[in-house]
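Peer 1: Provided herewith: target-v7.cif, mmCIF, C-alpha atoms; chains and numbers go by the auth columns.
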data_upload
loop_
_atom_site.group_PDB
_atom_site.id
_atom_site.type_symbol
_atom_site.label_atom_id
_atom_site.label_comp_id
_atom_site.label_asym_id
_atom_site.label_seq_id
_atom_site.Cartn_x
_atom_site.Cartn_y
_atom_site.Cartn_z
_atom_site.B_iso_or_equiv
_atom_site.auth_seq_id
_atom_site.auth_asym_id
ATOM 1 C CA MET A 1 -42.447 97.015 174.805 0.00 457 A
ATOM 2 C CA ASP A 2 -44.375 100.261 174.935 0.00 458 A
ATOM 3 C CA PRO A 3 -47.907 99.474 173.655 0.00 459 A
ATOM 4 C CA THR A 4 -48.709 103.102 172.909 0.00 460 A
ATOM 5 C CA TYR A 5 -45.564 103.573 170.842 0.00 461 A
ATOM 6 C CA ALA A 6 -46.018 100.203 169.101 0.00 462 A
ATOM 7 C CA THR A 7 -49.618 101.014 168.188 0.00 463 A
ATOM 8 C CA ASP A 8 -48.775 104.537 167.031 0.00 464 A
ATOM 9 C CA ALA A 9 -45.930 103.193 164.872 0.00 465 A
ATOM 10 C CA PHE A 10 -48.083 100.429 163.374 0.00 466 A
ATOM 11 C CA VAL A 11 -50.999 102.747 162.610 0.00 467 A
ATOM 12 C CA GLY A 12 -48.684 105.391 161.184 0.00 468 A
ATOM 13 C CA ARG A 13 -47.157 102.871 158.795 0.00 469 A
ATOM 14 C CA LEU A 14 -50.544 101.330 157.990 0.00 470 A
ATOM 15 C CA LEU A 15 -51.933 104.686 156.926 0.00 471 A
ATOM 16 C CA SER A 16 -49.100 104.993 154.407 0.00 472 A
ATOM 17 C CA VAL A 17 -50.021 101.691 152.691 0.00 473 A
ATOM 18 C CA PRO A 18 -51.927 102.507 149.476 0.00 474 A
ATOM 19 C CA ARG A 19 -55.533 101.250 149.545 0.00 475 A
ATOM 20 C CA TRP A 20 -54.993 99.439 152.856 0.00 476 A
ATOM 21 C CA GLN A 21 -58.764 99.456 153.454 0.00 477 A
ATOM 22 C CA GLN A 22 -59.387 97.350 150.349 0.00 478 A
ATOM 23 C CA ILE A 23 -56.864 94.587 150.991 0.00 479 A
ATOM 24 C CA ALA A 24 -57.095 91.697 153.407 0.00 480 A
ATOM 25 C CA PRO A 25 -56.010 92.743 156.907 0.00 481 A
ATOM 26 C CA TRP A 26 -53.237 90.135 157.035 0.00 482 A
ATOM 27 C CA LEU A 27 -51.781 91.552 153.813 0.00 483 A
ATOM 28 C CA ALA A 28 -51.955 95.075 155.212 0.00 484 A
ATOM 29 C CA ALA A 29 -50.146 93.833 158.329 0.00 485 A
ATOM 30 C CA GLN A 30 -47.503 92.272 156.091 0.00 486 A
ATOM 31 C CA HIS A 31 -46.991 95.602 154.301 0.00 487 A
ATOM 32 C CA VAL A 32 -46.426 97.248 157.690 0.00 488 A
ATOM 33 C CA GLN A 33 -44.362 94.563 159.423 0.00 489 A
ATOM 34 C CA HIS A 34 -42.333 93.161 156.488 0.00 490 A
ATOM 35 C CA SER A 35 -42.144 89.680 157.996 0.00 491 A
ATOM 36 C CA ALA A 36 -40.492 86.710 156.295 0.00 492 A
ATOM 37 C CA GLU A 37 -43.864 85.466 154.976 0.00 493 A
ATOM 38 C CA SER A 38 -44.532 87.797 152.031 0.00 494 A
ATOM 39 C CA ASP A 39 -48.134 86.611 151.645 0.00 495 A
ATOM 40 C CA GLY A 40 -49.095 87.519 155.215 0.00 496 A
ATOM 41 C CA SER A 41 -49.858 83.886 156.010 0.00 497 A
ATOM 42 C CA ASN A 42 -48.281 84.254 159.441 0.00 498 A
ATOM 43 C CA TYR A 43 -50.889 86.924 160.342 0.00 499 A
ATOM 44 C CA LYS A 44 -53.900 85.325 158.660 0.00 500 A
ATOM 45 C CA PRO A 45 -54.675 82.701 161.369 0.00 501 A
ATOM 46 C CA ASP A 46 -54.855 85.479 163.984 0.00 502 A
ATOM 47 C CA TRP A 47 -57.514 87.503 162.158 0.00 503 A
ATOM 48 C CA VAL A 48 -60.591 85.786 163.623 0.00 504 A
ATOM 49 C CA PRO A 49 -59.285 85.655 167.235 0.00 505 A
ATOM 50 C CA ALA A 50 -58.154 89.293 166.971 0.00 506 A
ATOM 51 C CA GLY A 51 -61.634 90.293 165.829 0.00 507 A
ATOM 52 C CA SER A 52 -63.146 88.550 168.840 0.00 508 A
ATOM 53 C CA ILE A 53 -60.767 90.319 171.213 0.00 509 A
ATOM 54 C CA LEU A 54 -61.410 93.680 169.581 0.00 510 A
ATOM 55 C CA SER A 55 -65.175 93.161 169.790 0.00 511 A
ATOM 56 C CA GLU A 56 -64.895 92.500 173.523 0.00 512 A
ATOM 57 C CA VAL A 57 -62.693 95.541 174.071 0.00 513 A
ATOM 58 C CA LEU A 58 -65.007 97.826 172.106 0.00 514 A
ATOM 59 C CA ALA A 59 -68.091 96.409 173.827 0.00 515 A
ATOM 60 C CA ASN A 60 -66.672 97.447 177.194 0.00 516 A
ATOM 61 C CA GLY A 61 -65.723 100.946 176.097 0.00 517 A
ATOM 62 C CA ASP A 62 -63.627 102.641 178.742 0.00 518 A
ATOM 63 C CA VAL A 63 -64.663 100.295 181.558 0.00 519 A
ATOM 64 C CA ARG A 64 -61.577 99.062 183.367 0.00 520 A
ATOM 65 C CA GLY A 65 -61.172 95.323 183.704 0.00 521 A
ATOM 66 C CA PRO A 66 -59.829 93.281 186.630 0.00 522 A
ATOM 67 C CA ALA A 67 -56.254 93.560 185.358 0.00 523 A
ATOM 68 C CA ASP A 68 -56.486 97.357 185.600 0.00 524 A
ATOM 69 C CA LYS A 69 -56.472 97.730 189.371 0.00 525 A
ATOM 70 C CA ALA A 70 -53.634 100.254 189.385 0.00 526 A
ATOM 71 C CA PRO A 71 -54.373 103.843 188.359 0.00 527 A
ATOM 72 C CA ALA A 72 -53.812 104.542 184.699 0.00 528 A
ATOM 73 C CA ALA A 73 -50.469 106.138 183.982 0.00 529 A
ATOM 74 C CA SER A 74 -50.278 109.328 182.006 0.00 530 A
ATOM 75 C CA PRO A 75 -49.127 108.775 178.442 0.00 531 A
ATOM 76 C CA PRO A 76 -45.530 109.712 177.698 0.00 532 A
ATOM 77 C CA LYS A 77 -45.182 113.305 176.578 0.00 533 A
ATOM 78 C CA GLY A 78 -45.781 113.674 172.856 0.00 534 A
ATOM 79 C CA ARG A 79 -47.794 110.474 172.482 0.00 535 A
ATOM 80 C CA GLY A 80 -51.554 110.391 172.180 0.00 536 A
ATOM 81 C CA THR A 81 -53.821 108.086 174.105 0.00 537 A
ATOM 82 C CA GLY A 82 -56.497 107.639 171.465 0.00 538 A
ATOM 83 C CA CYS A 83 -54.113 106.688 168.700 0.00 539 A
ATOM 84 C CA LEU A 84 -56.838 105.056 166.599 0.00 540 A
ATOM 85 C CA ARG A 85 -59.331 107.889 166.926 0.00 541 A
ATOM 86 C CA GLY A 86 -59.525 110.168 163.951 0.00 542 A
ATOM 87 C CA THR A 87 -57.488 107.876 161.704 0.00 543 A
ATOM 88 C CA GLY A 88 -60.447 106.557 159.728 0.00 544 A
ATOM 89 C CA LEU A 89 -59.363 102.995 160.450 0.00 545 A
ATOM 90 C CA ARG A 90 -62.023 100.722 159.059 0.00 546 A
ATOM 91 C CA TRP A 91 -61.477 97.311 157.554 0.00 547 A
ATOM 92 C CA ALA A 92 -63.551 95.750 154.850 0.00 548 A
ATOM 93 C CA HIS A 93 -65.482 92.892 156.424 0.00 549 A
ATOM 94 C CA HIS A 94 -63.351 89.753 156.265 0.00 550 A
ATOM 95 C CA ARG A 95 -65.531 87.740 158.609 0.00 551 A
ATOM 96 C CA SER A 96 -65.022 84.356 157.104 0.00 552 A
ATOM 97 C CA THR A 97 -62.458 82.074 158.625 0.00 553 A
ATOM 98 C CA PRO A 98 -59.168 82.413 156.754 0.00 554 A
ATOM 99 C CA LYS A 99 -58.420 79.519 154.447 0.00 555 A
#
Is it possible to give me this structure as structure tokens?
Peer 2:
Amino acid sequence: MDPTYATDAFVGRLLSVPRWQQIAPWLAAQHVQHSAESDGSNYKPDWVPAGSILSEVLANGDVRGPADKAPAASPPKGRGTGCLRGTGLRWAHHRSTPK
């Protein structure tokens, strides 16, 4: 799996979902991924842990962690490195634990 490609593809499809900012994140993911669970229930349990991971990543900015001992590779030609920058990605706050 190519994480840059996967992220670019996901974000590209997400941005085409009407009003994605106003719907629950797990439903937006369902609109992008088209999984077997039409209500997004397979993504819903991962929302809180994903938020915790994202908070940690954003808190560290561009500081490399212990798993990043090798030099960073250049992105493949034609693919951006800051695929989320400039997209306006912002979720409504769904901080409560999914029910």
Peer 1: Using only C-alpha atoms, which of A:Pro459, A:Gly517, A:Ser508, A:Pro481 sits nearest A:Asp495?
Peer 2: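 That would be A:Pro481, the residue with the smallest distance to A:Asp495.
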Peer 1: Extract, using all atoms listed in the file, all DNA, RNA and protein residues at most 9 Å from A:Gln489, discarding same-chain residues fewer than 4 positions from it, and format them as a PyMOL selection string.
Peer 2: chain A and resi 466+469+484-485
Peer 1: Please write out, as lines of an AutoDock Vina configuration file, where the centre of an axis-aligned box around all listed atoms of stretch 482-491 of chain A lies and how long its edges are, in Å to one decimal, after adding 4 Å on each side.
Peer 2:
center_x = -47.7
center_y = 93.5
center_z = 156.6
size_x = 19.1
size_y = 15.6
size_z = 13.6
Peer 1: Report, in Å with one decimal, the straight-line distance from atom CA of A:Lys500 to atom CA of A:Leu483.
Peer 2: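 Distance between the two atoms: 8.2 Å.
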Peer 1: What does the PyMOL selection byres ((chain A and resi 496) around 12) select in this file, as a VMD selection string?
Peer 2: chain A and resid 479 to 495 497 to 503 554
Peer 1: If you measure from atom CA of A:Leu510 to atom CA of A:Arg475, what distance in Å do you get, rounded to one decimal?
Peer 2: 22.2 Å
Peer 1: What is the distance between atom CA of A:Met457 and atom CA of A:Ala515, in Å to one decimal?
Peer 2: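 Calculated distance between atom CA of A:Met457 and atom CA of A:Ala515 is 25.7 Å.
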